[in-house]
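Enquirer: Sharing a structure, written as structure tokens. Questions coming.
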Amino acid sequence: MSTPVLTAVAWPYANGPRHIGHVSGFGVPSDVFSRYMRMAGHRVLMVSGTDEHGTPISVQADKENLTARELADKYNRVIAEDLQGLGLSYDLFTRTTTGNHYKVVQDLFMALWRNGYIVPKTQMGAISPSTGRTLPDRYIEGTCPICGYDGARGDQCDNCGNQLDPADLINPKSRINGETPKFVETEHLFLDLPAFTETLGSWLSTRTEWRPNVLKFSQNLLDDLRPRAMTRDLDWGVPVPLDGWRDAPMKRFYVWFDAVIGYLSASVEWARRTGDADAWKEFWTPDAQGYYFMGKDNIVFHSLIWPALLLGQNGAGDKGGEPGAFGTLNLPTEVVSSEFLTMSGSKFSTSRGTVIYVRDFLRDFGPDTLRYFISVAGPENQDTDFTWEEFVRRTNFELANEWGNLVNRSVSMAHKNVGAIPKPTALTGEDIALREQARAAFGVVGDNLRRSRFKAAASEAMRVVSAANKYLSDQEPWKRKDDPERRDTILHTALQVVSDANTLLTPFLPHAAQKVHEALGGTGVWSAQPRIDEVTDLDVPERAYPILTGDYAAEQAKWESVDIEVGRPLAKPSPLFAKLDAELGDTGPEWAPIAP
Ligand SMILES: [Zn+2]
């Protein structure tokens, strides 16, 4: 049965290039899932983009002597190119600085406002005593009142990750001239989260399929929901569409509020670009399914805050209300969070120098080795160390020796002896057993992929590969010169299982899968890849930007065993995966990491 499936992928922050820890959390899992769901016959809409507002963008822009917009332009492109290189099959990868995004954010805000879920509150804000002007939060630094870190900023502590108020900082100082800011009363808007406690609680109690840690974590936070600041004294963000706010240069939506609405705005932009402006709706009605992919530090935004915004827009919190401009929007079906990929026990960190950029990795090792490593050995259930030793072992023993070698020797022997896919005659028990094992794997692997159990899925697919290798070693077709009928039957069986295993591995290894498809004599697009289009902003025609998109409906890969075609010509295959130098496992590559 075909269901509309929204794959909502966490938005990478555009203040620098992304490292392999980032893409192990949101990137590869969401793509493996989406590729499987398409192959299984569902209509999938996979959207995301770069998150480009907020203080860290402004801080980094200051460092690089760029405007915030110039900085966002730069890293939006770098990130889009890296994600394309990894083969992430977005229907639309856009950004939060588009005219469309601004409009969707403001429309959604207006629904919350009308339904009474926004509360104005006066708090203390900073001004510069020497100029009398508002000091944006990012220009105030001091000691974090929670963890004691002495470089905390006015809106957030980078050490403990807590959201702060400039007035909470101990020893606040202006980063512009070192003076102590003066605090005066300033008005901000707050989301009335407590008004959703009950609705969120009963909704969460229906989410029994979620990973238990995600559900428990979210339910524990329910008792302590407080109004959450959604505006900030800041000059880089989406303006607030209310009289008295609209033109205020230092009042903008907080970045968390605009970024999380990106899932909806990207869906709307995708629809507008297809020429059917309503096409997004089928992916957002309560009949659709919405899967959200992220690292664990983002769970709360997807399991509580985004659902609260959706409920408020729908008019379904304690205060009731009417659905806003978007009608009744669907809440997340599942929140799929990954743990952290670490290096020597620590989080990847640009500042500490323990970082592997996606771009460096792709240049030297290509996309599929990384996709495979993340899927089979990544941080699905617990923080997991990336080691070069393990990467080399997985690549050499599993991809090159097991899978690459199976493809290579079966196709080579058939090419050499027959020149085409051989014709089978009487099947033995061993032939039938192997074919049955491959066929049965579609159910098991597919079920695991649907539930985002990538390790189990990849391991099960590789079990078919191992069984086929053992079958070839046992049957020894190379010793059957005197019995070509039996030899051809063995080779036919092996090639059929190569074809099945290739289908099972396509979500993980889409680039290699295309090569195997061709090695088996296939033509056309087996697994489609994303491309970058340069487009004009739909609402601000003087702006242009790159998007990721693709024609995934054109791909041939379907989640089923397809009988190979006897007599189809075969060419001599080339190796599927290059073996890595074992020394790489001891030392890692000698890189001068590029910081684009
Ligand atoms: Zn702190």
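We name chains A, B, ... following the order of the structure tokens; residues begin at 1 in each chain, and ligands are numbered from 1 as shown.
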Grab me every residue within 6 Å of ligand 1, counting only C-alpha atoms and all ligand atoms, and send it over as a ChimeraX atom specification.
Expert: /A:144,146-149,157,159-160
Enquirer: From a DSSP pass on the backbone, collect the residues of segment 217-435 of chain A flagged as strand (DSSP E or B) and hand them back as a ChimeraX atom specification.
Expert: /A:228-229,231-233,251-253,289-295,334-338,341-343,346-347,349,354,357,384-385,420
Enquirer: So, with only C-alpha atoms as the atoms that count, which of A:Asn405, A:Thr231, A:Ser473, A:Asn65 lies closest to Gly125 of chain A?
Expert: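 Result for the nearest residue to Gly125 of chain A: A:Thr231.
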Enquirer: Using only C-alpha atoms for the distances, tell me which of A:Phe293, A:Thr384, A:Leu504, A:Ser30 is nearest to Gly443 of chain A.
Expert: A:Leu504
Enquirer: Give the answer as one residue: which of A:Lys579, A:Arg228, A:His517, A:Lys216 has the shortest atom-to-atom distance to Arg393 of chain A, using only C-alpha atoms?
Expert: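 When distances to Arg393 of chain A are compared using only C-alpha atoms, the smallest one comes from A:Lys579.
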Enquirer: Closest to Glu485 of chain A among A:Gly16, A:Gly85, A:Pro212, A:Pro422, using only C-alpha atoms?
Expert: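 Looking only at the distances to Glu485 of chain A, the closest residue turns out to be A:Pro422.
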Enquirer: Could I get the residues of segment 398-495 of chain A with an atom no further than 12 Å from an atom of segment 350-373 of chain A, each paired with its nearest atom pair and that distance in Å to one decimal, using only C-alpha atoms, sorted by chain and residue number, as a tab-separated table?
Expert:
```
residue	atom	partner	partner_atom	distance
A:Glu398	CA	A:Tyr372	CA	9.7
A:Leu399	CA	A:Thr369	CA	7.8
A:Ala400	CA	A:Thr369	CA	10.0
A:Trp403	CA	A:Tyr372	CA	11.9
A:Phe454	CA	A:Tyr372	CA	9.8
A:Lys455	CA	A:Tyr372	CA	9.6
A:Ala457	CA	A:Tyr372	CA	11.4
A:Ala458	CA	A:Tyr372	CA	8.2
A:Ser459	CA	A:Tyr372	CA	10.5
A:Ala461	CA	A:Tyr372	CA	11.8
A:Met462	CA	A:Tyr372	CA	11.1
```
